[in-house]
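Undergrad: One structure follows; several queries about it will come next.
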Protein chains: 2
Amino acid sequence: MTGKRVSQPRKSVWLSPPRARGRKGTESSSTGLDLDRIVAAAVRLLDAEGDAQFSMRRLAAELNVTPMSLYWYVANKDDLLELALDAVAGEIKLPAPGPDSDWREELRALATAWRRTMVAHPWAVRAYGAYLNIGPCSVRFTSCAQDIVARSSLPQHEHPAALSAVFQYVYGFISTETRWLEYARETGQTADEFFSEVADSVEEMPGERASGGLMEQHESLSMDELRDRDFDRALDWLIAGMCADVATARQPRQPAGR
Amino acid sequence: MTGKRVSQPRKSVWLSPPRARGRKGTESSSTGLDLDRIVAAAVRLLDAEGDAQFSMRRLAAELNVTPMSLYWYVANKDDLLELALDAVAGEIKLPAPGPDSDWREELRALATAWRRTMVAHPWAVRAYGAYLNIGPCSVRFTSCAQDIVARSSLPQHEHPAALSAVFQYVYGFISTETRWLEYARETGQTADEFFSEVADSVEEMPGERASGGLMEQHESLSMDELRDRDFDRALDWLIAGMCADVATARQPRQPAGR
DNA sequence: ACCTGAACACCGTTCAAGT
DNA sequence: ACCTGAACACCGTTCAAGT
């Protein structure tokens, strides 16, 4: 995030030997600092003001403390953001693996749960794209997804590709979704107002026929409902596609229209 | 990008009245500045050192000029990055709409072209996620995609969802792909080395059964080939899924396994 | 063990001034 | 019309010092 040239480039908090951090047991007095309190405050601040406004100095002020005191608990800003990211990853509600439930339903449920938490913490999807996501909660999340496809009807050698496919799609979706919501929030407009304004402007641009078909079906559905529907839709297409690919047992490496 | 609290929040360069910029005709002497030269230099610098290292001051130095001279051509750093983004969008090789070609092939070709350019400019996928992408080249790119699905066999009302589905997927894919490549570059490792190191570390972490199945098929294929295959694979699944959904004409709103 | 203060090397950008 | 210099309000972080 800072990007200053360093001799030993950092990779992840989770790949470094732990500091004083992580001693959750110590019920410290409410006055003293504490890694958990710092991370919690960071999440609160990031939610409230966005990652662009977030700074170590701002956070320190929030905690009534000198900026440098944070550095006793955390090596640098990137590490702190990685910790904050894993904290919100812990908020994702993982579906319980009911014995009689369909794996496709569970996968949809997991994707929806992920989407829901990310919409609540837009900065976190940017962090998700920036870091390695190998904290305990992130790993638990990934494991959950792996378990689900492991119980699927897909052949084992397809599991990684299947997992990656839905992950990439969902990540892409929530990435642009949260960005639009942030834009609306920043400009003080509703999502619809902002979208309409942009669409109109593109319409008026020189060259090409404009955003045809992107603004049509505004009769019965709100934009939120439209987004929900498109999200589920593509997920279904993807899952249906990989199931069909298996059903029609062509030679496994050679996909459809080649 | 800066995030300072401003009275009038910016939305996009392309939504503001143009400055002196854009006078491409003026064959200015090679000594003077020029919007095109500035943008080109920015792209060069971003490619070489990444967006984390990029700054107005650094760019000015590169152009042998005072930082503030840039501000005659460009309102702020975000605007400049948006211009740089559109410049690389112009590098995407759009498939020519051959009259006898399959729309699915064209869609795959477009996705692949997009991916190729983004891998060449990793900072641009972050910019893509941050801005509105409504510059002339970006719009041309989007229009091309729209034309392709317009020629598809899908019912008209599905076109926006179909377009969005493949966009989100491809964006998600290249987003994580370029991030891994950047990590490898930053650490001076090959992509394989870096990936193995991370995978091993996750393996040793407490709790959960580890990254099962993510590191299997390392026999005949390199990581690059694996990625290429997975990219095409999910794209095929997605396209197959949406075609199948149409073929088996169930009631249009109620997808597969509900 | 935990926290502070001063300082360094950076940022983006405003503003008044130069040519 | 185009570019500069000084200055402002910020950054993340180092380092030596306090308790």
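Quick note on naming: the chains in the structure tokens go A, B, ... in the order shown, residues restart at 1 in each chain, and ligands are numbered from 1 in order of appearance.
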Do me a favour and pick out the residues of chain A within 10 Å of chain D, using only C-alpha atoms (C1' of nucleotides), as a VMD selection string.

TA: chain A and resid 2 4 55 to 57 67 to 68 71 75 to 77

Undergrad: Please list as a ChimeraX atom specification every residue within 10 Å of Arg185 of chain A, counting only C-alpha atoms (C1' of nucleotides) and excluding residues in the same chain fewer than 6 positions away.

TA: /A:179,191,194

Undergrad: What are the DSSP alpha helix (DSSP H) residues of segment 64-190 of chain B, as a PyMOL selection string?

TA: chain B and resi 77-89+103-120+122-130+136-150+159-187

Undergrad: Enter the distance from atom CA of Ala48 of chain B to atom CA of Gln168 of chain A, in Å, rounded to one decimal.

TA: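 These two atoms are separated by 26.7 Å.
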